[in-house]
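For reference, query_24.cif (mmCIF, C-alpha atoms and all ligand atoms):
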```cif
data_final
loop_
_atom_site.label_atom_id
_atom_site.label_comp_id
_atom_site.auth_asym_id
_atom_site.auth_seq_id
_atom_site.Cartn_x
_atom_site.Cartn_y
_atom_site.Cartn_z
CA MET A 1 0.00 0.00 0.00
CA ALA A 2 1.45 3.34 -1.09
CA ASN A 3 2.00 5.88 1.67
CA SER A 4 1.27 3.26 4.32
CA LYS A 5 4.16 4.04 6.61
CA LEU A 6 2.88 6.25 9.39
CA ALA A 7 4.16 9.81 9.33
CA LEU A 8 4.99 9.43 13.02
CA LEU A 9 7.46 6.74 12.02
CA GLY A 10 8.97 8.63 9.10
CA GLY A 11 6.32 8.12 6.39
CA THR A 12 4.64 10.85 4.32
CA PRO A 13 1.68 12.59 6.06
CA ALA A 14 -1.79 11.79 4.71
CA ILE A 15 -2.61 15.51 4.80
CA PRO A 16 0.02 17.34 2.77
CA GLY A 17 -0.25 20.78 4.40
CA PRO A 18 -2.30 22.89 6.81
CA LEU A 19 -6.02 22.91 6.01
CA ARG A 20 -7.74 26.18 5.22
CA GLY A 21 -8.70 28.11 8.37
CA PHE A 22 -12.30 29.16 8.93
CA GLN A 23 -12.98 32.63 7.51
CA SER A 24 -15.84 34.10 9.49
CA MET A 25 -15.96 37.68 8.23
CA GLY A 26 -17.08 39.04 4.88
CA GLU A 27 -17.84 42.30 3.11
CA ASP A 28 -21.24 42.54 4.87
CA GLU A 29 -19.53 42.78 8.23
CA VAL A 30 -17.04 45.32 6.87
CA ALA A 31 -19.95 47.46 5.62
CA ALA A 32 -21.89 47.15 8.89
CA ALA A 33 -18.88 48.11 11.02
CA SER A 34 -17.93 50.97 8.66
CA GLU A 35 -21.41 52.45 8.84
CA VAL A 36 -21.14 52.67 12.64
CA ILE A 37 -17.64 54.13 12.52
CA ARG A 38 -18.71 56.76 9.97
CA GLY A 39 -21.65 57.69 12.22
CA GLY A 40 -19.18 58.32 15.04
CA VAL A 41 -21.31 56.84 17.86
CA LEU A 42 -19.56 53.66 18.90
CA SER A 43 -21.68 53.20 22.01
CA ALA A 44 -24.85 55.03 23.03
CA TYR A 45 -25.17 53.60 26.54
CA ILE A 46 -25.58 55.81 29.58
CA GLY A 47 -25.31 54.22 33.05
CA ALA A 48 -28.16 56.27 34.49
CA PRO A 49 -31.96 56.32 34.14
CA GLY A 50 -33.14 57.60 30.76
CA PRO A 51 -33.29 56.67 27.10
CA GLY A 52 -29.59 55.73 26.90
CA PHE A 53 -29.94 53.04 29.54
CA MET A 54 -30.82 50.28 27.06
CA GLY A 55 -28.02 50.98 24.59
CA GLY A 56 -27.77 52.32 21.07
CA PRO A 57 -29.73 51.48 17.90
CA LYS A 58 -27.45 48.67 16.72
CA VAL A 59 -27.54 46.97 20.12
CA GLN A 60 -31.32 47.19 20.22
CA GLN A 61 -31.66 46.03 16.64
CA PHE A 62 -29.47 42.99 17.30
CA GLU A 63 -31.52 42.20 20.39
CA THR A 64 -34.78 42.34 18.43
CA GLU A 65 -33.35 40.10 15.71
CA ALA A 66 -31.93 37.61 18.21
CA ALA A 67 -35.22 37.44 20.12
CA GLN A 68 -37.03 36.79 16.84
CA TYR A 69 -34.54 34.16 15.68
CA PHE A 70 -34.55 32.19 18.92
CA GLY A 71 -38.30 32.65 19.43
CA VAL A 72 -37.89 34.17 22.87
CA LYS A 73 -39.36 37.20 24.62
CA HIS A 74 -36.09 38.86 25.55
CA ALA A 75 -32.60 38.83 24.05
CA ILE A 76 -30.09 40.97 25.92
CA ALA A 77 -26.71 41.75 24.40
CA VAL A 78 -23.60 41.82 26.58
CA ASN A 79 -19.90 42.43 25.97
CA SER A 80 -18.92 38.79 26.52
CA TRP A 81 -20.69 35.60 27.42
CA THR A 82 -18.70 35.57 30.65
CA SER A 83 -20.49 38.83 31.48
CA GLY A 84 -23.74 37.13 30.49
CA LEU A 85 -23.07 34.24 32.88
CA ILE A 86 -22.30 36.58 35.77
CA ALA A 87 -25.44 38.62 35.02
CA ALA A 88 -27.54 35.44 34.87
CA VAL A 89 -26.42 34.16 38.26
CA GLY A 90 -26.95 37.59 39.82
CA ALA A 91 -30.38 37.97 38.24
CA ILE A 92 -31.82 34.84 39.85
CA GLY A 93 -31.12 36.44 43.23
CA LEU A 94 -28.34 34.16 44.41
CA GLU A 95 -27.54 34.67 48.09
CA PRO A 96 -24.00 34.14 49.43
CA GLY A 97 -23.55 30.46 50.29
CA ASP A 98 -26.28 29.26 47.92
CA GLU A 99 -25.25 26.18 46.00
CA VAL A 100 -25.50 25.88 42.24
CA ILE A 101 -25.07 22.47 40.63
CA THR A 102 -23.15 22.59 37.40
CA SER A 103 -21.03 20.52 35.04
CA PRO A 104 -17.28 20.08 35.35
CA TRP A 105 -17.06 19.95 31.53
CA THR A 106 -17.37 23.56 30.59
CA MET A 107 -15.34 26.69 30.35
CA ALA A 108 -14.32 27.90 33.80
CA ALA A 109 -16.56 30.97 33.46
CA THR A 110 -19.72 28.91 34.10
CA ALA A 111 -18.50 28.03 37.58
CA THR A 112 -16.68 31.25 38.36
CA ALA A 113 -19.89 33.18 37.59
CA ILE A 114 -21.33 31.41 40.64
CA LEU A 115 -18.32 32.37 42.74
CA HIS A 116 -18.60 36.00 41.64
CA TRP A 117 -21.80 36.17 43.72
CA ASN A 118 -20.21 34.19 46.58
CA GLY A 119 -22.23 31.15 45.64
CA ILE A 120 -20.84 27.63 45.89
CA PRO A 121 -20.35 25.63 42.68
CA ILE A 122 -21.21 21.95 43.09
CA PHE A 123 -20.07 19.67 40.29
CA ALA A 124 -22.27 16.85 39.03
CA ASP A 125 -20.90 14.11 36.81
CA ILE A 126 -21.56 14.04 33.07
CA ASP A 127 -23.21 11.65 30.66
CA LEU A 128 -20.83 9.25 28.93
CA THR A 129 -22.22 9.82 25.46
CA THR A 130 -23.40 13.44 25.29
CA PHE A 131 -20.78 14.81 27.75
CA ASN A 132 -23.53 16.97 29.28
CA ILE A 133 -24.49 17.14 32.94
CA CYS A 134 -26.12 13.91 34.12
CA PRO A 135 -29.57 14.46 35.72
CA GLU A 136 -29.16 11.40 37.98
CA SER A 137 -25.95 12.85 39.36
CA VAL A 138 -27.66 16.23 39.86
CA LYS A 139 -30.44 14.63 41.93
CA LYS A 140 -27.94 13.22 44.41
CA LEU A 141 -26.38 16.62 45.06
CA ILE A 142 -29.47 18.62 45.97
CA THR A 143 -29.42 20.03 49.52
CA ASN A 144 -31.47 22.67 51.30
CA LYS A 145 -28.85 25.18 50.10
CA THR A 146 -29.32 24.41 46.40
CA LYS A 147 -30.67 27.40 44.52
CA ALA A 148 -30.18 26.49 40.88
CA ILE A 149 -29.00 23.99 38.32
CA PHE A 150 -26.60 25.44 35.78
CA ALA A 151 -26.54 23.08 32.79
CA VAL A 152 -24.09 23.44 29.92
CA ASP A 153 -24.61 22.45 26.28
CA ILE A 154 -21.12 21.21 25.74
CA PHE A 155 -19.81 20.92 22.16
CA GLY A 156 -23.09 21.97 20.56
CA GLN A 157 -25.80 19.65 21.76
CA THR A 158 -28.28 20.50 24.46
CA ALA A 159 -28.25 18.99 27.93
CA ASP A 160 -31.22 16.84 28.96
CA MET A 161 -33.35 19.89 29.73
CA ALA A 162 -36.60 17.96 30.15
CA SER A 163 -35.18 15.89 33.01
CA LEU A 164 -33.38 18.87 34.51
CA ARG A 165 -36.56 20.97 34.37
CA GLU A 166 -38.47 18.23 36.11
CA ILE A 167 -35.86 18.14 38.92
CA ALA A 168 -35.79 21.94 39.14
CA THR A 169 -39.56 22.19 39.39
CA ARG A 170 -39.77 19.46 42.01
CA HIS A 171 -37.21 21.22 44.23
CA GLY A 172 -38.17 24.83 43.46
CA LEU A 173 -34.85 25.59 41.74
CA LYS A 174 -33.95 27.96 38.94
CA LEU A 175 -32.62 26.33 35.78
CA LEU A 176 -29.87 28.15 33.88
CA CYS A 177 -28.09 26.88 30.80
CA ASP A 178 -24.73 27.91 29.41
CA THR A 179 -25.53 27.46 25.74
CA ALA A 180 -22.39 29.30 24.59
CA GLN A 181 -21.46 26.47 22.22
CA SER A 182 -24.89 25.54 20.87
CA PRO A 183 -26.56 28.49 19.12
CA GLY A 184 -29.24 27.14 16.83
CA ALA A 185 -29.31 23.63 18.33
CA LYS A 186 -32.80 22.40 19.06
CA THR A 187 -34.53 19.86 21.17
CA GLY A 188 -38.18 19.02 20.60
CA GLY A 189 -38.13 21.68 17.87
CA VAL A 190 -37.25 24.44 20.37
CA TYR A 191 -33.99 26.38 20.40
CA THR A 192 -31.68 25.47 23.23
CA GLY A 193 -31.08 28.29 25.66
CA THR A 194 -34.74 29.24 25.57
CA LEU A 195 -35.59 26.11 27.60
CA ALA A 196 -33.80 27.48 30.64
CA ASP A 197 -34.95 30.34 32.85
CA ILE A 198 -31.95 32.10 31.37
CA GLY A 199 -29.71 30.83 28.57
CA GLY A 200 -27.50 32.50 26.06
CA PHE A 201 -24.68 32.40 23.60
CA SER A 202 -21.09 33.48 23.31
CA LEU A 203 -20.11 35.66 20.38
CA ASN A 204 -16.37 35.24 20.85
CA TYR A 205 -14.05 34.64 17.96
CA HIS A 206 -14.27 30.83 17.83
CA LYS A 207 -18.03 30.45 18.05
CA HIS A 208 -20.42 29.66 15.17
CA ILE A 209 -21.11 33.36 14.85
CA HIS A 210 -19.15 36.12 16.51
CA CYS A 211 -18.38 39.79 16.75
CA GLY A 212 -14.89 39.52 18.25
CA GLU A 213 -16.10 39.50 21.85
CA GLY A 214 -19.74 39.47 22.90
CA GLY A 215 -22.67 37.47 24.14
CA VAL A 216 -26.44 37.43 24.15
CA LEU A 217 -28.72 36.31 26.96
CA VAL A 218 -32.14 34.84 26.24
CA THR A 219 -35.10 34.53 28.59
CA ASN A 220 -38.89 34.42 28.52
CA ASP A 221 -39.13 35.82 32.05
CA ASP A 222 -39.89 39.57 32.26
CA TRP A 223 -38.58 39.95 35.83
CA LEU A 224 -35.30 38.20 35.03
CA ALA A 225 -34.93 40.21 31.81
CA LYS A 226 -35.31 43.45 33.75
CA ARG A 227 -32.71 42.36 36.26
CA LEU A 228 -30.31 41.29 33.52
CA CYS A 229 -30.59 44.70 31.87
CA LEU A 230 -29.97 46.38 35.21
CA ILE A 231 -26.93 44.28 36.11
CA ARG A 232 -25.53 44.92 32.63
CA ASN A 233 -25.41 48.66 33.17
CA HIS A 234 -24.51 49.94 36.65
CA ALA A 235 -27.82 49.05 38.27
CA GLU A 236 -26.95 50.67 41.57
CA ALA A 237 -27.16 54.04 39.85
CA VAL A 238 -30.61 53.26 38.54
CA VAL A 239 -32.66 51.29 41.06
CA ARG A 240 -34.65 53.77 43.07
CA SER A 241 -36.38 51.25 45.34
CA ASP A 242 -35.46 50.43 48.95
CA ASP A 243 -36.95 46.95 48.57
CA PRO A 244 -34.19 44.37 49.20
CA ARG A 245 -35.61 42.13 46.45
CA GLU A 246 -35.19 44.94 43.94
CA LEU A 247 -31.77 45.95 45.23
CA SER A 248 -30.16 42.54 45.63
CA ASN A 249 -27.19 41.91 43.35
CA MET A 250 -27.54 45.31 41.69
CA LEU A 251 -23.82 46.05 41.86
CA GLY A 252 -22.04 48.18 39.34
CA PHE A 253 -20.98 46.30 36.25
CA ASN A 254 -20.38 47.48 32.76
CA PHE A 255 -21.35 44.53 30.56
CA ARG A 256 -22.43 46.73 27.64
CA MET A 257 -21.88 45.70 24.05
CA GLY A 258 -20.62 48.39 21.66
CA GLU A 259 -22.39 49.47 18.47
CA ILE A 260 -19.74 48.04 16.11
CA GLU A 261 -19.97 44.61 17.74
CA ALA A 262 -23.76 44.72 17.64
CA ALA A 263 -23.80 45.69 13.95
CA ILE A 264 -21.45 42.79 13.15
CA ALA A 265 -23.47 40.43 15.34
CA SER A 266 -26.62 41.25 13.35
CA VAL A 267 -24.93 40.29 10.10
CA GLN A 268 -23.49 37.15 11.65
CA LEU A 269 -26.87 36.07 12.99
CA ARG A 270 -28.12 35.89 9.41
CA LYS A 271 -25.26 33.46 8.67
CA LEU A 272 -25.97 31.14 11.59
CA GLU A 273 -28.26 28.76 9.76
CA GLY A 274 -25.73 28.25 6.94
CA ARG A 275 -22.91 27.64 9.41
CA ILE A 276 -24.93 25.06 11.29
CA LEU A 277 -25.73 23.22 8.06
CA SER A 278 -22.06 23.27 7.12
CA ARG A 279 -21.02 21.82 10.51
CA GLN A 280 -23.72 19.18 10.27
CA ARG A 281 -22.53 18.25 6.78
CA ILE A 282 -18.94 17.87 8.08
CA ALA A 283 -20.16 15.74 11.01
CA ALA A 284 -22.27 13.54 8.73
CA GLU A 285 -19.27 12.93 6.46
CA LEU A 286 -17.06 12.07 9.42
CA ASN A 287 -19.75 9.86 10.97
CA GLN A 288 -20.18 7.90 7.80
CA SER A 289 -16.48 7.31 7.22
CA LEU A 290 -15.19 6.86 10.77
CA ALA A 291 -18.04 4.78 12.19
CA GLY A 292 -16.43 1.44 11.26
CA LEU A 293 -13.07 2.07 12.94
CA THR A 294 -12.43 -0.39 15.76
CA GLY A 295 -12.92 1.09 19.22
CA LEU A 296 -13.94 4.55 17.99
CA LYS A 297 -17.40 5.92 18.78
CA THR A 298 -18.63 8.86 16.74
CA PRO A 299 -20.88 11.50 18.40
CA LYS A 300 -24.28 10.43 19.62
CA VAL A 301 -27.13 12.88 19.19
CA ALA A 302 -29.86 12.55 21.82
CA ASP A 303 -33.36 11.58 20.61
CA GLY A 304 -35.35 14.58 19.44
CA ALA A 305 -32.30 16.86 19.49
CA THR A 306 -30.08 18.47 16.88
CA HIS A 307 -26.34 18.98 17.27
CA VAL A 308 -24.54 22.02 15.90
CA TYR A 309 -21.03 20.59 16.37
CA TYR A 310 -18.87 23.23 17.94
CA VAL A 311 -16.65 20.23 18.67
CA TYR A 312 -16.99 16.83 17.01
CA GLY A 313 -16.69 14.65 20.13
CA MET A 314 -15.74 10.96 19.94
CA THR A 315 -14.79 8.32 22.50
CA LEU A 316 -12.18 5.60 22.29
CA ASP A 317 -12.21 2.11 23.69
CA THR A 318 -8.44 1.89 23.99
CA GLU A 319 -8.51 -1.81 24.88
CA LEU A 320 -10.24 -2.55 21.60
CA VAL A 321 -7.92 -0.23 19.70
CA GLY A 322 -4.93 -1.73 21.49
CA VAL A 323 -3.07 1.59 21.54
CA SER A 324 -3.24 4.45 24.06
CA ARG A 325 -5.00 7.67 23.18
CA ALA A 326 -1.73 9.58 23.51
CA ARG A 327 -0.05 7.36 20.91
CA LEU A 328 -3.04 7.61 18.55
CA VAL A 329 -3.08 11.37 18.87
CA ASP A 330 0.64 11.61 18.13
CA ALA A 331 0.07 9.51 15.03
CA LEU A 332 -2.98 11.51 13.87
CA ARG A 333 -1.20 14.81 14.43
CA ALA A 334 1.82 13.57 12.50
CA GLU A 335 -0.54 12.73 9.61
CA GLY A 336 -1.67 16.38 9.71
CA VAL A 337 -5.08 16.08 11.41
CA PRO A 338 -5.78 19.57 12.74
CA ALA A 339 -7.45 20.82 15.90
CA LEU A 340 -7.61 17.58 17.88
CA VAL A 341 -9.13 17.98 21.34
CA VAL A 342 -7.54 15.50 23.72
CA GLY A 343 -9.75 15.30 26.81
CA TYR A 344 -11.49 18.34 28.21
CA GLN A 345 -10.86 20.23 31.39
CA ASN A 346 -12.41 19.01 34.61
CA LEU A 347 -13.15 22.18 36.53
CA HIS A 348 -13.32 20.41 39.87
CA LEU A 349 -9.64 19.59 39.51
CA LEU A 350 -8.47 23.13 38.84
CA PRO A 351 -6.21 24.54 41.59
CA LEU A 352 -8.82 27.24 42.27
CA PHE A 353 -11.30 24.60 43.39
CA ARG A 354 -8.98 21.99 44.86
CA ASN A 355 -7.40 24.63 47.10
CA LYS A 356 -10.60 26.65 47.50
CA ILE A 357 -8.76 29.88 46.92
CA ALA A 358 -10.98 32.42 45.19
CA TYR A 359 -11.41 35.70 47.07
CA GLY A 360 -8.21 36.37 49.00
CA THR A 361 -6.18 33.46 50.31
CA LYS A 362 -8.26 32.20 53.23
CA GLY A 363 -10.89 30.11 51.54
CA PHE A 364 -13.68 32.63 51.00
CA PRO A 365 -16.55 32.01 50.21
CA TRP A 366 -16.34 28.33 51.26
CA ASN A 367 -15.17 29.21 54.79
CA SER A 368 -17.77 31.92 55.33
CA PRO A 369 -20.64 31.39 57.80
CA TYR A 370 -23.00 31.43 54.80
CA CYS A 371 -21.53 28.25 53.36
CA THR A 372 -22.93 25.53 55.58
CA SER A 373 -22.06 22.43 53.52
CA ASP A 374 -18.72 20.71 53.72
CA VAL A 375 -17.78 21.02 50.06
CA THR A 376 -14.59 19.46 48.73
CA TYR A 377 -13.26 19.17 45.21
CA GLY A 378 -10.78 16.65 43.90
CA PRO A 379 -10.20 13.43 41.98
CA GLY A 380 -13.02 10.89 42.18
CA LEU A 381 -15.80 13.50 42.38
CA CYS A 382 -16.90 13.05 38.75
CA PRO A 383 -15.55 9.66 37.62
CA THR A 384 -17.12 9.67 34.16
CA ALA A 385 -15.76 13.13 33.36
CA GLU A 386 -12.35 12.18 34.73
CA LYS A 387 -12.06 8.95 32.72
CA LEU A 388 -13.14 10.73 29.56
CA HIS A 389 -10.58 13.43 30.15
CA ASN A 390 -7.75 11.11 31.13
CA GLU A 391 -8.23 8.28 28.68
CA THR A 392 -11.11 8.12 26.28
CA PHE A 393 -12.35 11.43 24.87
CA LEU A 394 -11.07 12.58 21.50
CA GLY A 395 -12.58 15.53 19.68
CA ILE A 396 -12.00 17.60 16.59
CA ASN A 397 -12.47 21.32 16.93
CA ILE A 398 -14.29 21.62 13.65
CA CYS A 399 -14.92 25.31 14.20
CA MET A 400 -11.28 26.06 13.36
CA ASN A 401 -11.21 25.05 9.69
CA GLU A 402 -13.35 25.59 6.62
CA LEU A 403 -13.47 21.80 5.92
CA PRO A 404 -14.99 21.47 2.46
CA PRO A 405 -15.67 17.81 1.53
CA GLU A 406 -12.19 17.32 0.06
CA ASP A 407 -10.57 18.40 3.36
CA VAL A 408 -12.89 16.18 5.38
CA ALA A 409 -11.84 13.34 3.06
CA LEU A 410 -8.18 14.03 3.92
CA ILE A 411 -8.95 13.82 7.64
CA VAL A 412 -10.82 10.58 7.05
CA ASP A 413 -7.84 9.21 5.07
CA ALA A 414 -5.55 10.08 7.96
CA PHE A 415 -7.75 8.25 10.47
CA HIS A 416 -7.98 5.20 8.21
CA LYS A 417 -4.25 5.21 7.62
CA VAL A 418 -3.56 5.25 11.37
CA TRP A 419 -6.19 2.61 12.12
CA GLY A 420 -4.86 0.50 9.28
CA GLN A 421 -1.37 0.51 10.80
CA LEU A 422 -2.10 0.14 14.49
CA ASP A 423 0.49 -2.63 14.69
CA GLN A 424 3.19 -0.11 13.84
CA LEU A 425 2.10 1.93 16.85
CA LYS A 426 2.09 -1.04 19.18
CA ALA A 427 5.68 -1.92 18.39
C1 LIG B 501 -19.26 26.79 27.53
C2 LIG B 501 -18.68 28.17 27.56
N1 LIG B 501 -19.02 29.01 28.55
C3 LIG B 501 -18.54 30.26 28.62
C4 LIG B 501 -17.68 30.75 27.68
C5 LIG B 501 -17.18 32.15 27.81
O1 LIG B 501 -17.62 32.94 26.74
P1 LIG B 501 -16.87 34.30 26.36
O2 LIG B 501 -15.51 33.95 25.84
O3 LIG B 501 -17.74 34.92 25.31
O4 LIG B 501 -16.79 35.13 27.58
C6 LIG B 501 -17.30 29.94 26.62
C7 LIG B 501 -16.36 30.43 25.60
O5 LIG B 501 -15.50 29.74 25.12
C8 LIG B 501 -17.80 28.61 26.56
O6 LIG B 501 -17.47 27.79 25.56
#
```
Let me see the structure of the file written as structure tokens.
Amino acid sequence: MANSKLALLGGTPAIPGPLRGFQSMGEDEVAAASEVIRGGVLSAYIGAPGPGFMGGPKVQQFETEAAQYFGVKHAIAVNSWTSGLIAAVGAIGLEPGDEVITSPWTMAATATAILHWNGIPIFADIDLTTFNICPESVKKLITNKTKAIFAVDIFGQTADMASLREIATRHGLKLLCDTAQSPGAKTGGVYTGTLADIGGFSLNYHKHIHCGEGGVLVTNDDWLAKRLCLIRNHAEAVVRSDDPRELSNMLGFNFRMGEIEAAIASVQLRKLEGRILSRQRIAAELNQSLAGLTGLKTPKVADGATHVYYVYGMTLDTELVGVSRARLVDALRAEGVPALVVGYQNLHLLPLFRNKIAYGTKGFPWNSPYCTSDVTYGPGLCPTAEKLHNETFLGINICMNELPPEDVALIVDAFHKVWGQLDQLKA
């Protein structure tokens, strides 16, 4: 067989050179940004009561379009999704010491948003096939201090929101969802994010659609929407009530999106559907061609759901393959496979959590009188997530490259070449 010697062992790579990077911006975005710059008003926000409180025309236009697209009452633009997460946790009225159950497989900002309000993140284990928070694990962690469940749609497919909603309703909890990676994904025909009390999307550079940095919150709840808008823009300067319910968590933030970002975000929103279809096409091609490889499981999409493939997430049965993940990854990388994701971070193992050092050095908020549970973080807390990270998860960050069919075919060739020569790797 020509070209059968693995590149790792001195053969010629299956993929001859770097694959074309994903180009997210076009002339429409250039025109939209230029119009704002020529107008001279790059942000129209004022952090005080009055017409400027809700932002400028491009921000409000983007919000209207996003609310329409996602079929939700309120879309609220923010300057990053991290800001959106912090606003969401504040808006539900978290009290210091309240516990919020979340997933260890997410970007750190989901959990640190809880800490920003002196809440206590509690990590539930994840599902072996969808990598999303496992409702059975959530159930076991509920205490009288639990205030909310914070699900995450990791890699582009929604968490099991029906089960999580049922648990939340039974225990009187709020249900938030970090849907940063899943804009446009649906379950039961409904857009993810809108199934939570508050959801929302990141508009950072690597997401399906972006405006450099940004985010957009979605909610059907008028009270929460009002609080989100307040937290976004120096609420303490605006709230005129003495009612503790109105005043709680109304601390001064500036989470405001600028007019250039909003104008670009509007253009990008119109491209979302096409980008999702393109990712789904790439995933279908990979599914079809990789499905037969021994010990490799391609992504599983939950019944009734759609996946928008921020990451194409697979699992390995390394005993069946007969080669460790590390060795396989070295071989795939040598063949030129781009953007491999080897494991995913387990937040409960980050030094911040293991050492419980967040505010200052003395263990606040865990050691405060408000935190009444004995919370510890460390290995063994989320065994499924840990095994996936340490041994069995393998993803492709398909958001990084354009991946027309001929490039997907090259990736497929590289996988087949490696799987066809596993003996060389065992030696
Ligand atoms: C799941 C998740 N949550 C939160 C964030 C933070 O979003 P941003 O970078 O827009 O602040 C990201 C971004 O990568 C993410 O993927």
Q.
Between A:Thr384, A:Asn397, A:Thr219, A:Gln61, which residue has the minimum interatomic distance to ligand LIG 501 (chain B), considering only C-alpha atoms and all ligand atoms?
A. A:Asn397
Q. Could you list, as a PyMOL selection string, all the residues within 6 Å of ligand LIG 501 (chain B), counting all atoms listed in the file?
A. chain A and resi 80-82+106-107+109-110+178+180-181+202-204+213-215
Q | Nearest candidate to Thr158 of chain A (options A:Ala185, A:Leu381, A:Val329, A:Ile282; using only C-alpha atoms) | A |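 Looking only at the distances to Thr158 of chain A, the closest residue turns out to be A:Ala185.
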Q: For segment 260-264 of chain A, work out the shell of residues within 6 Å, counting all atoms listed in the file and skipping chain neighbours fewer than 5 positions away, then give it as a list in words.
A: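 Within the cut-off, the hits are Glu29, Ala32, Ala33, Val36, Lys58, Val59, Phe62 and Cys211 of chain A.
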Can I get the selected residues back with C-alpha atoms, as a tab-separated table (two decimals), in the coordinates of the input?
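Listed below is the output, out_3.tsv:
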```tsv
chain	number	residue	atom	x	y	z
A	29	GLU	CA	-19.53	42.78	8.23
A	32	ALA	CA	-21.89	47.15	8.89
A	33	ALA	CA	-18.88	48.11	11.02
A	36	VAL	CA	-21.14	52.67	12.64
A	58	LYS	CA	-27.45	48.67	16.72
A	59	VAL	CA	-27.54	46.97	20.12
A	62	PHE	CA	-29.47	42.99	17.30
A	211	CYS	CA	-18.38	39.79	16.75
```
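Going from atom CA of Asn79 of chain A to atom CA of Val308 of chain A covers 23.2 Å.
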Q: Measure the distance from atom CA of Ala409 of chain A to atom CA of Leu425 of chain A in Å and round it to one decimal.
A: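 Taking atom CA of Ala409 of chain A as the start and atom CA of Leu425 of chain A as the end point, the length is 22.7 Å.
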Q: Rank nothing, just name the residue among A:Val342, A:Glu335, A:Lys426, A:Arg256 nearest to Val323 of chain A, using only C-alpha atoms.
A: A:Lys426
Q: Would you mind telling me which residue in A:Ala196, A:Ala31, A:Val152, A:Ala88 lies nearest to Pro104 of chain A when using only C-alpha atoms?
A: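 Of all the options, A:Val152 lies closest to Pro104 of chain A.
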